[in-house]
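Participant: Have a look at this one.
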Amino acid sequence: MRRRRGLPGVFPGTPWRVWLLRPPGVYAPQGDSELLLEALAEATVPRGARMLDVCTGTGVVALAGARLGAREVHAVDISARAALAAAWNARLRGLPVRAHRGDFLEHAAGRFDVVTANPPYVPHSGSRHGAPRRSRAWNAGQDGRRYVDRLCEAAPRLLTRNGVLLMVHSALCGPDRTLELLRRAGLEAAVTARRIQPFGPVLRERAAWLEQQRLIAPGQRHEELVVIRADLVPPEERSDKRPGTLHARAGIRHGRRLSPGERPGAQPAED
């Protein structure tokens with residue numbers, strides 16, 4: 001059994017600590033998981049919502065969705081161990097989470113009020129053949145977008161009217177491209193949270209290659225994580241007709257709201 005830090009209020013009775021069963025090889029909740037959990041709590045899960053959690057890992061985000069009010073949660077992962085871990089963790093808490101092993105599109109029956117995703121997003125140069133199986137949890141092709149692009153394309157088919165997609169990934173694989181694809185698909189999309197953190201072991205190991213690809217600056221050993229929110233809003237309710245809807249919700253960064261006139265991603269002025 002592995003213990004991971006949790007968020008206040010997400011798991012009643014354990015306000016600061018969450019115990020999770022995590023078999024070897026299953027992705028451990030990290031900074032990206034925490035940022036996504038914060039965005040989910042900020043988004044306000046509708047009571048009785050139907051939710052899909054893509055690339056669920058231990059199921060920590062799916063569990064949070066159920067705690068926050070979702071009536072039916074589907075947690076999907078390509079890893080059999082991850083699907084089993086999510087099922088165990090939900091059963092231990094008596095939460096309405098159904099874990100599935102396989103591709104998320106194969107288990108996305110119907111539409112969902114909330115879709116969360118922490119897909120693999122780390123760029124890599126090598127072939128998938130011969131790589132450790134656990135690397136499936138982070139390797140995502142040379143540009144890091146193998147799974148992010150699929151989610152962007154599928155989002156309109158996954159969401160209900162006024163449904164919400166929350167996806168976390170690294171700025172290394174291009175948030176602007178994600179926003180472009182989601183908007184082209186007819187969704188309102190914006191970056192709603194950002195966090196800068198030091199490289200972990202995987203990125204440190206391939207830092208030289210990332211420099212060669214000009215994905216990072218020479219000597220850079222930190223990455224920016226972003227959460228992108230996309231809403232499937234009916235045409236008559238879109239923000240170009242009702243200014244401030246999505247983008248008012250999008251002003252969250254580093255745990256604070258953006259000040260009036262501040263552009264998401266801009267560095268705050270020093271005191």
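Identifiers for the structure tokens are assigned positionally: chains receive A, B, ... in sequence, residues are indexed from 1 per chain, and ligands are indexed from 1 in the order shown.
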As a compact mmCIF listing (two decimals) with N, CA and C atoms, in the first residue's frame, please: every residue in range 39-167 of chain A that a backbone DSSP assignment puts in strand (DSSP E).
Facilitator:
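For reference, states-v9.txt as written:
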```txt
# COMPACT_ATOMS: atom_id res chain seq x y z
N ARG A 50 -22.57 12.31 -14.54
CA ARG A 50 -21.94 11.13 -15.12
C ARG A 50 -20.53 11.56 -15.55
N MET A 51 -19.50 10.81 -15.12
CA MET A 51 -18.12 11.25 -15.29
C MET A 51 -17.28 10.15 -15.92
N LEU A 52 -16.31 10.55 -16.74
CA LEU A 52 -15.33 9.65 -17.34
C LEU A 52 -13.94 10.15 -16.95
N ASP A 53 -13.12 9.27 -16.39
CA ASP A 53 -11.73 9.61 -16.05
C ASP A 53 -10.81 8.79 -16.94
N VAL A 54 -10.08 9.46 -17.81
CA VAL A 54 -9.23 8.83 -18.82
C VAL A 54 -7.80 8.72 -18.28
N GLU A 72 -22.18 8.47 -11.23
CA GLU A 72 -21.66 7.33 -11.99
C GLU A 72 -20.32 7.74 -12.59
N VAL A 73 -19.25 7.04 -12.22
CA VAL A 73 -17.91 7.39 -12.69
C VAL A 73 -17.30 6.17 -13.38
N HIS A 74 -16.80 6.39 -14.58
CA HIS A 74 -16.09 5.34 -15.33
C HIS A 74 -14.62 5.73 -15.38
N ALA A 75 -13.76 4.83 -14.88
CA ALA A 75 -12.32 5.06 -14.84
C ALA A 75 -11.64 4.09 -15.80
N VAL A 76 -10.90 4.61 -16.77
CA VAL A 76 -10.35 3.79 -17.85
C VAL A 76 -8.84 3.92 -17.89
N ASP A 77 -8.16 2.79 -18.08
CA ASP A 77 -6.70 2.80 -18.25
C ASP A 77 -6.31 1.61 -19.11
N VAL A 97 -17.62 3.94 -8.66
CA VAL A 97 -16.62 4.01 -9.73
C VAL A 97 -16.49 2.64 -10.38
N ARG A 98 -16.64 2.61 -11.71
CA ARG A 98 -16.44 1.38 -12.48
C ARG A 98 -15.13 1.49 -13.24
N ALA A 99 -14.22 0.57 -12.99
CA ALA A 99 -12.92 0.60 -13.63
C ALA A 99 -12.91 -0.30 -14.86
N HIS A 100 -12.31 0.18 -15.94
CA HIS A 100 -12.24 -0.57 -17.20
C HIS A 100 -10.80 -0.59 -17.69
N ARG A 101 -10.39 -1.73 -18.20
CA ARG A 101 -9.09 -1.81 -18.86
C ARG A 101 -9.29 -1.70 -20.36
N PHE A 112 -20.94 12.28 -21.26
CA PHE A 112 -20.58 12.51 -19.88
C PHE A 112 -20.67 14.00 -19.55
N ASP A 113 -21.09 14.28 -18.32
CA ASP A 113 -21.13 15.67 -17.85
C ASP A 113 -19.73 16.19 -17.56
N VAL A 114 -18.84 15.31 -17.13
CA VAL A 114 -17.47 15.68 -16.79
C VAL A 114 -16.53 14.61 -17.35
N VAL A 115 -15.50 15.06 -18.06
CA VAL A 115 -14.42 14.17 -18.51
C VAL A 115 -13.11 14.73 -17.97
N THR A 116 -12.38 13.91 -17.26
CA THR A 116 -11.05 14.30 -16.77
C THR A 116 -10.00 13.43 -17.44
N ALA A 117 -8.82 13.98 -17.61
CA ALA A 117 -7.77 13.22 -18.30
C ALA A 117 -6.39 13.69 -17.85
N LEU A 159 -18.90 14.57 -24.55
CA LEU A 159 -19.52 15.48 -23.60
C LEU A 159 -21.01 15.67 -23.85
N THR A 160 -21.75 15.85 -22.78
CA THR A 160 -23.14 16.26 -22.87
C THR A 160 -23.20 17.76 -23.16
N ARG A 161 -24.39 18.26 -23.41
CA ARG A 161 -24.60 19.71 -23.53
C ARG A 161 -24.14 20.37 -22.23
N ASN A 162 -23.28 21.37 -22.36
CA ASN A 162 -22.67 22.06 -21.22
C ASN A 162 -21.73 21.16 -20.42
N GLY A 163 -21.31 20.03 -21.01
CA GLY A 163 -20.33 19.18 -20.36
C GLY A 163 -18.95 19.81 -20.36
N VAL A 164 -18.10 19.33 -19.45
CA VAL A 164 -16.78 19.94 -19.22
C VAL A 164 -15.69 18.88 -19.35
N LEU A 165 -14.64 19.21 -20.10
CA LEU A 165 -13.42 18.42 -20.17
C LEU A 165 -12.34 19.15 -19.39
N LEU A 166 -11.64 18.43 -18.51
CA LEU A 166 -10.48 18.96 -17.80
C LEU A 166 -9.30 18.04 -18.11
N MET A 167 -8.27 18.59 -18.75
CA MET A 167 -7.11 17.78 -19.14
C MET A 167 -5.83 18.47 -18.67
```
Participant: Find the residues near Arg71 in chain A: any atom within 8 Å, counting only C-alpha atoms, skip ones fewer than 6 places away on the same chain, and give them as JSON, numbers by chain.
Facilitator: {"A": [47, 48, 49, 50, 96]}
Participant: Could you name the residues that touch Ala185 in chain A at 12 Å or less, counting only C-alpha atoms, but leaving out those on the same chain fewer than 2 positions away, as a short mmCIF file (atom, residue, chain, number, x, y, z; two decimals) with C-alpha atoms, in the first residue's frame?
Facilitator:
```
data_model
loop_
_atom_site.label_atom_id
_atom_site.label_comp_id
_atom_site.auth_asym_id
_atom_site.auth_seq_id
_atom_site.Cartn_x
_atom_site.Cartn_y
_atom_site.Cartn_z
CA ASP A 149 -4.69 14.94 -29.92
CA ARG A 150 -7.02 11.93 -29.73
CA LEU A 151 -8.75 13.41 -26.70
CA CYS A 152 -9.20 16.76 -28.42
CA GLU A 153 -10.74 15.08 -31.45
CA ALA A 154 -13.07 12.90 -29.37
CA ALA A 155 -14.17 15.56 -26.86
CA PRO A 156 -17.33 16.75 -28.68
CA ARG A 157 -18.59 13.14 -28.86
CA THR A 178 -4.51 21.82 -27.62
CA LEU A 179 -6.60 24.99 -27.40
CA GLU A 180 -6.64 25.32 -31.19
CA LEU A 181 -7.87 21.74 -31.70
CA LEU A 182 -10.57 22.00 -29.04
CA ARG A 183 -11.87 25.30 -30.37
CA LEU A 187 -15.67 23.80 -27.73
CA GLU A 188 -14.87 26.82 -25.61
CA ALA A 189 -11.39 26.22 -24.23
CA ALA A 230 -13.10 22.86 -22.52
CA ASP A 231 -16.89 23.35 -22.39
CA LEU A 232 -19.39 22.03 -24.92
CA VAL A 233 -21.59 25.11 -24.92
#
```
Participant: Between CA of Pro46 in chain A and CA of Leu95 in chain A, measure the distance and give it in Å to one decimal.
Facilitator: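 Interatomic distance here is 16.2 Å.
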